[in-house]
Amino acid sequence: MKKQALDWRYRQANKEALFALGAYGLFFIWWYVFAYGLGEGDPEQYAYVLGLPEWFFYSCIVGYPLITILLWIIVRLKFKEMPLEDDAPESREHVEQG
Amino acid sequence: MSDTMMTVIPVVLYLGMSIAVALWARRKAAANESSQGFIEEYFIGGRSMGGFVLAMTIIASYTSASSFVGGPGVAYRLGLSWVLLAMIQVPTTFLTLGVLGKRFAMEARRMQAVTITDFLRARFKSDVVVILCSLALIVFFMAAMLAQFIGGARLFQTVTGYPYIVGLVLFGISVVLYTAVGGFRAVVLTDAIQGIVMVVAVTVVLLAVINAGGGMEKCVASLKAIDPGLITPTGPNEAVPKPFIMSFWVLVGLGVLGLPQTTQRCMGYRDSRAMHDAMVIGTLLIGFMILCAHLAGALGRAVIPDLPAGDLAMPTLIVELLSPFWAGVFIAGPLAAIMSTVDSMLLLVSAAIIKDLYVHYALKGDASRMTVISLKKASLITTAVVGLLVFFAAIEPPDLLVWINLFAFGGLEAVFLCPLVLGLYWGRANSTGAIASIVIGVGTFVALTILKPDMGGIHAIVPTTLAALIAFVAGSYAGHPTK
């Protein structure tokens, strides 16, 4: 197992996991900055976009399509297709279990 | 034809369709000649999910009654602040798939793992870990399924006016039937259909609410007139303080990695392309669904301002605003959310009993000691019996199970999060660490939930996760590495 753990697919998979965590971090920052940056004041002073308070519009309505587009870009550019089966053409019936 | 009949028709049509899918899946499974082949088919669908189905099944098994009734109900009381909180769930799909990632899919294939417990067994080589995990899964899932059944039957009762038991029988029996008969393939295909039904349902109800409130601007103005706190990120009277909302980034963000019904999906997809697609599709759809459902609850306050309880918000809005037929289509949405959660849990409980405990301990891990026919029968019967047990419990819910359900979500996270993620990525991780983290994690969570010490608004799951993590690391350094 140790040897296989070093193959390129594992290194690539680790990188991809970090990208997913990075996207999670970016989504958090976007959500936080708009919600509390624009929303913490007096509700009387709120500006509105399409009928919704500005903080809500940017943080919630714009946030999730944006992260979806970002993910699409990350997946297209940084994620690689790879075989999920081990290359060794061993038959499944003979693999020892557990 | 009476109005209630019109409401029930879409529901029944929809349940019938789920069962038809199960029968179709059954025929696919019948082609398997070997026992291991059957197990791979019944419990993980032969690892053949494409991107769309994978995205849908992760969303559907994650979203439950609370996403459609409970959550929007709180949004009704606390306004846009609760919608803001709900949006923390957007990363669920991509985080689960991305963090467990391809390593998990590759390891699972190499180990022939079909459940999370299989993976943990192969990784930690410890019977204590396996038995603790299997028991936790069986107990917490039974309690959680019960809560889902009760939620669904009550909702059905509120909307149609038929007695509680009618709703329970109708969807309780269908979900048990199609899961037992069709296995994993039926579960994920119905999940995909259920996902589509949910998307349609939330869109319809949100549009109906905005329309009834006289447009978005007027809705928001009415909310502000009721209480300006309804349109702030912290809610009326600071009901949603920052430490509380931040806890949810731990609870649902990381927490979802500890939910076996969701994470098990990550070992069942066809190829890396399917995973890439699912990350994007899943994020888009879950964001849409959560936003529409909760926003409808929040804006619903502007339309019907004086309901005595938040939980009545969604059912009342549906009955008041939609025609009977569309009410039926909508009601299928939360029922779908409930059924898609129950079916996954049901199958995993069955897998825990058959695969993790029976095949491993009674047959010494060799499934081929059992003929394919008897294995098929045993799997079907186990699934059906577990489902019926929960169904009968839901007729007169026992207090004990209702009480256990309070711990289900956090308990599962305390058990599975560290062993799963660290087991995957940390070479040093071993069984001493896993056992320490399970025991201390669950202990901390139960203690904090019962004692309710003042933690400044922080949810019990935050210290629990921290304690479980520390115990895992300390245990791993104290114990011997896994051979």
# chains A, B, ... in the order shown; residues from 1 in each chain; ligands from 1
$ interface_residues --of "chain A" --to "chain B" --cutoff "6 Å" --atoms "only C-alpha atoms" --output "VMD selection string"
chain A and resid 13 17 20 51 64 68 72 81 84 98
$ select_by_dssp --residues "chain A" --states "strand (DSSP E)" --output "list in words"
Tyr48, Val49, Leu52 and Pro53 of chain A
$ write_last_selection --atoms "all heavy atoms" --output "PDB file, in the first residue's frame"
ATOM      1  N   TYR A  48     -30.980  48.582  -1.682  1.00  0.00           N
ATOM      2  CA  TYR A  48     -31.679  47.395  -2.170  1.00  0.00           C
ATOM      3  C   TYR A  48     -31.302  47.069  -3.608  1.00  0.00           C
ATOM      4  O   TYR A  48     -31.065  47.957  -4.409  1.00  0.00           O
ATOM      5  CB  TYR A  48     -33.195  47.594  -2.068  1.00  0.00           C
ATOM      6  CG  TYR A  48     -33.661  47.663  -0.640  1.00  0.00           C
ATOM      7  CD1 TYR A  48     -33.614  48.875   0.063  1.00  0.00           C
ATOM      8  CD2 TYR A  48     -34.112  46.531   0.019  1.00  0.00           C
ATOM      9  CE1 TYR A  48     -34.006  48.939   1.388  1.00  0.00           C
ATOM     10  CE2 TYR A  48     -34.503  46.581   1.350  1.00  0.00           C
ATOM     11  CZ  TYR A  48     -34.453  47.791   2.026  1.00  0.00           C
ATOM     12  OH  TYR A  48     -34.843  47.840   3.337  1.00  0.00           O
ATOM     13  N   VAL A  49     -31.217  45.791  -3.918  1.00  0.00           N
ATOM     14  CA  VAL A  49     -31.012  45.344  -5.295  1.00  0.00           C
ATOM     15  C   VAL A  49     -32.136  44.366  -5.623  1.00  0.00           C
ATOM     16  O   VAL A  49     -32.334  43.389  -4.884  1.00  0.00           O
ATOM     17  CB  VAL A  49     -29.653  44.634  -5.477  1.00  0.00           C
ATOM     18  CG1 VAL A  49     -29.428  44.298  -6.946  1.00  0.00           C
ATOM     19  CG2 VAL A  49     -28.525  45.468  -4.934  1.00  0.00           C
ATOM     20  N   LEU A  52     -34.320  43.182  -2.802  1.00  0.00           N
ATOM     21  CA  LEU A  52     -33.726  42.545  -1.621  1.00  0.00           C
ATOM     22  C   LEU A  52     -32.648  43.446  -1.022  1.00  0.00           C
ATOM     23  O   LEU A  52     -31.989  44.183  -1.752  1.00  0.00           O
ATOM     24  CB  LEU A  52     -33.097  41.212  -2.017  1.00  0.00           C
ATOM     25  CG  LEU A  52     -34.088  40.096  -2.307  1.00  0.00           C
ATOM     26  CD1 LEU A  52     -33.437  39.006  -3.139  1.00  0.00           C
ATOM     27  CD2 LEU A  52     -34.649  39.525  -1.010  1.00  0.00           C
ATOM     28  N   PRO A  53     -32.460  43.365   0.307  1.00  0.00           N
ATOM     29  CA  PRO A  53     -31.360  44.133   0.898  1.00  0.00           C
ATOM     30  C   PRO A  53     -30.045  43.757   0.214  1.00  0.00           C
ATOM     31  O   PRO A  53     -29.830  42.593  -0.112  1.00  0.00           O
ATOM     32  CB  PRO A  53     -31.343  43.679   2.358  1.00  0.00           C
ATOM     33  CG  PRO A  53     -32.690  43.113   2.618  1.00  0.00           C
ATOM     34  CD  PRO A  53     -33.208  42.602   1.306  1.00  0.00           C
TER      35      PRO A  53
END
$ residues_around --residues "segment 58-61 of chain A" --least-positions-apart "4" --cutoff "6 Å" --atoms "only C-alpha atoms" --output "PyMOL selection string"
chain A and resi 31+34-35
$ closest_residue --among "A:Pro83, A:Val75, A:Ala47, A:Leu70" --to "Tyr24 of chain A" --atoms "only C-alpha atoms"
A:Leu70
$ atom_distance --atom1 "atom CA of Phe79 of chain A" --atom2 "atom CA of Gln264 of chain B"
21.4 Å
$ residues_around --residues "Pro72 of chain B" --least-positions-apart "5" --cutoff "10 Å" --atoms "only C-alpha atoms" --output "PyMOL selection string"
chain B and resi 66-67+77-79+82-83+86+290-300+310-314
$ closest_residue --among "B:Phe330, B:Tyr14, B:Tyr42, B:Phe244" --to "Gly183 of chain B" --atoms "only C-alpha atoms"
B:Tyr42
$ atom_distance --atom1 "atom CA of Cys133 of chain B" --atom2 "atom CA of Gly411 of chain B"
10.8 Å
$ residues_around --residues "segment 454-456 of chain B" --least-positions-apart "3" --cutoff "9 Å" --atoms "only C-alpha atoms" --output "list in words"
Pro243, Phe244, His459 and Ala460 of chain B
$ write_last_selection --atoms "C-alpha atoms" --output "short mmCIF file (atom, residue, chain, number, x, y, z; two decimals), in the first residue's frame"
data_model
loop_
_atom_site.label_atom_id
_atom_site.label_comp_id
_atom_site.auth_asym_id
_atom_site.auth_seq_id
_atom_site.Cartn_x
_atom_site.Cartn_y
_atom_site.Cartn_z
CA PRO B 243 -20.62 32.56 17.17
CA PHE B 244 -23.75 30.48 16.58
CA HIS B 459 -22.91 24.81 19.00
CA ALA B 460 -21.91 21.64 20.90
#
